[in-house]
Amino acid sequence: MPEHAVISEDLSVSVNGHEILSGVNVVVPEGSILLLSGPSGSGKTTLLKVVAGLIPELYPKYVISGNVSVFGLEPGQALREGLVAYVPQDPSSYFLNASVAAELLYAGVNTDLVDVPVDKLMHELSDGQLYKLLLIVATSSGAKLLLLDEPTSHIDPWTLPLVMGMLREFCARGGSVILVDHRVEVVRDFIDAYVTLKGREWRFPALRSGRSVRRDPLSGVHVAVSLHDVWVSLAGRDILKGVTFEVGRGSVLSVVGRNGVGKTTLLRVVSGLLRPDRGIVRVSGRVFYVPQVPVRWFSSDTVEGEVKLFARAWGFRGSVDEVLESFHLEGVRDRHPFTLSVGESRRLALALAYVSSADIVVLDEPGLGLDPGARESLVDCLSVMMGGGTTVLTAGHDLVLAKSLGDVCLLEGGVLRC
Amino acid sequence: MLSLIARLMRASSLVVAPGYSRVRGVPAYVTLSFLAVTSAALMILPPWLLVPLLSVLCVLALWVRGLRVLIATALLFITFVAPFIALSIGAQLVVGSFSPITTLMGVARMAGLMLLGSVVFGLINIHELALLLRRVSPDLAVSTALAIKFFYLASTNLSRLAEVYSVNLRAEGFMGEVRRLTALSRALTYVCTVSALESMEALYTRPNVLLGGVRSEEGGRGEGGARPTA
């Protein structure tokens with residue numbers, strides 16, 4: 001019986017001549033939790049997929065050198081033996097059945113023990129609920145090694161200690177866990193060791209000053225978004241109960257709360273996508289909605305093409321080059337938007353909001369999957385937009401990011417407390 | 001326009017959601033046999049037998065899927081099938097050979113197929129189906145599982161994208177709407193491609209479904225996967 005769940009020796013991975021990992025040595029003893037950290041683009045997810053046996057078996061263009069063994073087996077063999085379970089960063093398509101109950105039934109999980117609404121469809125779950133569900137399915141699968149990509153991005157800070165406790169129990173039973181996550185400080189108390197992949201450290205240039213002055217459609221209007229006693233119920237359940245708040249023009253309000261508490265529902269109400277059952281919604285100006293799912297929703301072949309598409313549609317007269325530079329996208333202007341990292345996708349969405357001269361930008365889970373550099377950059381971009389009079393409304397469970405942006409309200413049990 | 005698409009796709013995602021029903025644990029071979037026999041019956045039965053079969057399917061759909069999904073099925077039927085029925089009636093009138101009974105039977109057969117599809121989607125469990133088809137061919141199991149899941153994913157993806165584009169991209173006039181729909185179609189293609197890859201990974205990382213589940217130790221699922229009781 002090997003003593004190590006995973007051993008990687010001098011592992012290098014490249015695709016199309018582009019090196020993603022170089023000389024990585026990682027050892028994961030059985031019964032331990034290893035945190036794999038590093039900046040976006042450093043190859044963390046690639047390493048996880050190699051250990052999971054997905055690369056190169058499903059992606060034959062990837063070239064691997066060095067050795068990787070999982071419980072003394074080739075990763076693909078370990079996967080076929082059912083020793084490995086993988087939960088990806090984007091869980092939105094990572095299920096087999098569309099119904100929660102059906103997925104749990106065939107995973108052999110007792111539905112009474114699950115803190116997820118079993119009568120729902122997968123797409124009706126919040127991102128955090130879906131991640132938790134996949135985590136439960138993974139821990140119940142009989143696998144001895146769990147590979148989890150970005151759990152803290154999906155699971156709210158109130159639930160995270162419970163989840164980490166569940167993982168510690170899993171390890172106490174002889175299991176092993178590899179976590180990929182940016183937020184070392186959040187999981188520090190629960191892990192046994194951590195490895196940082198250096199990769200490409202990103203340094204963002206300072207934002208340009210003296211940008212072109214925007215149109216000012218809301219002059220004289222001080223409140224951009226106002227909700228008064230808004231009630232929403234979905235499938236017979238009250239999601240929002242008398243929510244009341246105001247956001248001033250050019251300011252920011254972040255709504256935080258647990259997974260599945262109704263944050264996205266609130267944003268959909270403000271965006272005009274959902275009509276409340278009762279209450280008054282006043283939105284002064286045009287809204288730009290940046291959804292959580294799908295993370296990438298773009299339609300052009302290049303980042304530059306996407307910005308130009310929105311610039312044409314909204315009659316933007318400024319320079320597209322300047323917009324790309326301001327939102328730190330000049331280095332990826334020729335890339336396909338679907339190859340961008342989550343942080344780059346968020347910045348591209350903000351750049352599109354900028355060229356569309358939106359008065360109100362609504363961001364769902366803005367901190368999802370962002371490394372510290374990307375978070376800093378996102379805050380910079382939002383600050384510039386707010387300086388130009390744009391109102392920002394965000395919803396998520398990242399308290400640190402929310403506090404760094406400005407005012408924070410807590411949504412709990414359908415009630416908003418500010 | 002995009003709001004309508006989003007609403008229709010929400011209805012569609014309910015109907016084509018595999019395994020979303022009140023009845024669980026029906027073996028895949030029973031569901032497939034039911035599909036084969038009933039669809040053949042809908043095509044060949046004479047009118048006096050078609051009406052009772054349609055009634056049975058209606059009750060079955062209500063029992064298996066519930067009222068919410070039955071209404072969604074009716075909405076999809078009206079949206080996607082009714083225009084063709086109207087065209088058919090128009091064409092019959094033009095050539096001067098309109099037959100109300102034949103038309104009515106055609107409508108009944110189409111409605112029956114929609115109801116049957118709705119029931120089957122509710123009864124199908126992708127795990128079960130893949131396990132069954134794997135005995136014939138692993139490729140068949142994968143492609144069928146992906147195809148069934150894709151109906152659902154395409155509906156939810158289109159619904160979400162239509163909402164995003166309805167808010168974010170302006171469409172002025174007919175050409176503006178065409179440009180916006182073109183952008184939406186391209187985005188849908190990209191998003192569905194990504195979803196297909198992720199679905200493939202999901203299948204691949206469920207070794208008991210796709211690869212045969214060679215491990216048989218206590219607590220795991222052995223060959224063929226243990227099917228828990230409902």
# chains A, B, ... in the order shown; residues from 1 in each chain; ligands from 1
>>> closest_atom_pairs(of="chain A", to="chain B", cutoff="6 Å", atoms="only C-alpha atoms", output="JSON lines")
{"residue": "A:Arg80", "atom": "CA", "partner": "B:Pro207", "partner_atom": "CA", "distance": 5.3}
{"residue": "A:Glu81", "atom": "CA", "partner": "B:Arg215", "partner_atom": "CA", "distance": 5.0}
{"residue": "A:Gly82", "atom": "CA", "partner": "B:Pro207", "partner_atom": "CA", "distance": 5.9}
{"residue": "A:Ser93", "atom": "CA", "partner": "B:Ser195", "partner_atom": "CA", "distance": 5.7}
{"residue": "A:Tyr94", "atom": "CA", "partner": "B:Ala202", "partner_atom": "CA", "distance": 5.2}
{"residue": "A:Asn97", "atom": "CA", "partner": "B:Pro18", "partner_atom": "CA", "distance": 5.7}
{"residue": "A:Ala98", "atom": "CA", "partner": "B:Ala17", "partner_atom": "CA", "distance": 5.1}
{"residue": "A:Ser99", "atom": "CA", "partner": "B:Tyr20", "partner_atom": "CA", "distance": 4.9}
{"residue": "A:Ala102", "atom": "CA", "partner": "B:Gly19", "partner_atom": "CA", "distance": 5.8}
{"residue": "A:Gly108", "atom": "CA", "partner": "B:Pro228", "partner_atom": "CA", "distance": 5.8}
{"residue": "A:Gly142", "atom": "CA", "partner": "B:Gly220", "partner_atom": "CA", "distance": 4.7}
{"residue": "A:Phe288", "atom": "CA", "partner": "B:Asn168", "partner_atom": "CA", "distance": 5.3}
{"residue": "A:Trp297", "atom": "CA", "partner": "B:Ala187", "partner_atom": "CA", "distance": 6.0}
{"residue": "A:Phe298", "atom": "CA", "partner": "B:Ala187", "partner_atom": "CA", "distance": 5.4}
{"residue": "A:Ser299", "atom": "CA", "partner": "B:Ala187", "partner_atom": "CA", "distance": 4.2}
>>> residues_around(residues="Leu21 (chain A)", least_positions_apart="6", cutoff="10 Å", atoms="only C-alpha atoms", output="list in words")
Asp10, Leu11, Ser12, Val13, Ser14, Gly41, Ser42, Gly43, Lys44, Thr46, Leu47, Ile64, Ser65, Leu197, Lys198 and Gly199 of chain A
>>> write_last_selection(atoms="N, CA, C and O atoms", output="CSV table (one decimal), in the first residue's frame")
chain,number,residue,atom,x,y,z
A,10,ASP,N,8.9,16.3,-11.2
A,10,ASP,CA,9.4,17.0,-12.4
A,10,ASP,C,8.3,17.1,-13.5
A,10,ASP,O,8.6,16.8,-14.7
A,11,LEU,N,7.1,17.4,-13.1
A,11,LEU,CA,6.0,17.4,-14.0
A,11,LEU,C,6.0,18.6,-14.9
A,11,LEU,O,6.0,19.7,-14.3
A,12,SER,N,6.0,18.5,-16.2
A,12,SER,CA,5.8,19.6,-17.1
A,12,SER,C,4.7,19.3,-18.0
A,12,SER,O,4.5,18.2,-18.5
A,13,VAL,N,3.9,20.4,-18.3
A,13,VAL,CA,2.8,20.2,-19.2
A,13,VAL,C,2.8,21.4,-20.2
A,13,VAL,O,3.0,22.6,-19.8
A,14,SER,N,2.6,21.1,-21.4
A,14,SER,CA,2.5,22.2,-22.5
A,14,SER,C,1.4,21.8,-23.5
A,14,SER,O,1.1,20.6,-23.6
A,41,GLY,N,-3.6,31.6,-14.0
A,41,GLY,CA,-2.8,31.3,-15.2
A,41,GLY,C,-1.5,30.5,-14.8
A,41,GLY,O,-0.7,30.3,-15.7
A,42,SER,N,-1.4,30.2,-13.5
A,42,SER,CA,-0.1,29.5,-13.1
A,42,SER,C,-0.2,28.0,-13.3
A,42,SER,O,0.8,27.3,-13.1
A,43,GLY,N,-1.4,27.5,-13.7
A,43,GLY,CA,-1.5,26.1,-14.1
A,43,GLY,C,-2.1,25.2,-13.0
A,43,GLY,O,-1.9,24.0,-13.0
A,44,LYS,N,-2.7,25.8,-12.0
A,44,LYS,CA,-3.3,25.1,-10.9
A,44,LYS,C,-4.4,24.1,-11.4
A,44,LYS,O,-4.3,22.9,-11.1
A,46,THR,N,-4.8,23.0,-14.4
A,46,THR,CA,-4.2,22.1,-15.3
A,46,THR,C,-3.6,20.9,-14.5
A,46,THR,O,-3.8,19.7,-14.8
A,47,LEU,N,-2.9,21.3,-13.4
A,47,LEU,CA,-2.3,20.2,-12.5
A,47,LEU,C,-3.4,19.3,-11.9
A,47,LEU,O,-3.2,18.1,-11.9
A,64,ILE,N,2.8,15.9,-21.8
A,64,ILE,CA,3.2,15.8,-20.4
A,64,ILE,C,4.5,15.1,-20.3
A,64,ILE,O,4.8,14.1,-21.0
A,65,SER,N,5.4,15.6,-19.5
A,65,SER,CA,6.7,14.9,-19.2
A,65,SER,C,6.8,14.9,-17.7
A,65,SER,O,6.2,15.6,-17.0
A,197,LEU,N,2.3,27.6,-6.8
A,197,LEU,CA,2.8,27.6,-8.2
A,197,LEU,C,3.1,29.0,-8.6
A,197,LEU,O,2.2,29.8,-8.6
A,198,LYS,N,4.3,29.3,-8.9
A,198,LYS,CA,4.7,30.7,-9.2
A,198,LYS,C,4.1,31.1,-10.5
A,198,LYS,O,3.4,32.1,-10.5
A,199,GLY,N,4.3,30.4,-11.5
A,199,GLY,CA,3.7,30.8,-12.8
A,199,GLY,C,4.0,32.2,-13.2
A,199,GLY,O,5.1,32.7,-12.9
>>> closest_residue(among="A:Ser32, A:Thr339, A:Thr394, A:Thr264", to="Cys171 (chain A)", atoms="only C-alpha atoms")
A:Ser32
>>> select_by_dssp(residues="region 109-196 of chain A", states="alpha helix (DSSP H)", output="PyMOL selection string")
chain A and resi 127-139+151-154+160-172+184-187
>>> residues_around(residues="Ala353 (chain A)", least_positions_apart="4", cutoff="12 Å", atoms="only C-alpha atoms", output="PyMOL selection string")
(chain A and resi 286-290+306-307+310-311+313-314+316+323+327+346-349+357-363+381-382+385-386+390-392) or (chain B and resi 167-170)
>>> closest_residue(among="A:Ile155, A:Trp231, A:Leu253, A:Leu35", to="Asp189 (chain A)", atoms="only C-alpha atoms")
A:Leu35
>>> atom_distance(atom1="CA of Ser40 (chain A)", atom2="CA of Leu378 (chain A)")
13.8 Å
>>> select_by_dssp(residues="region 37-182 of chain A", states="strand (DSSP E)", output="VMD selection string")
chain A and resid 37 62 to 70 84 to 87 145 to 149 176 to 180
>>> atom_distance(atom1="CA of Gln129 (chain A)", atom2="CA of Leu416 (chain A)")
20.3 Å
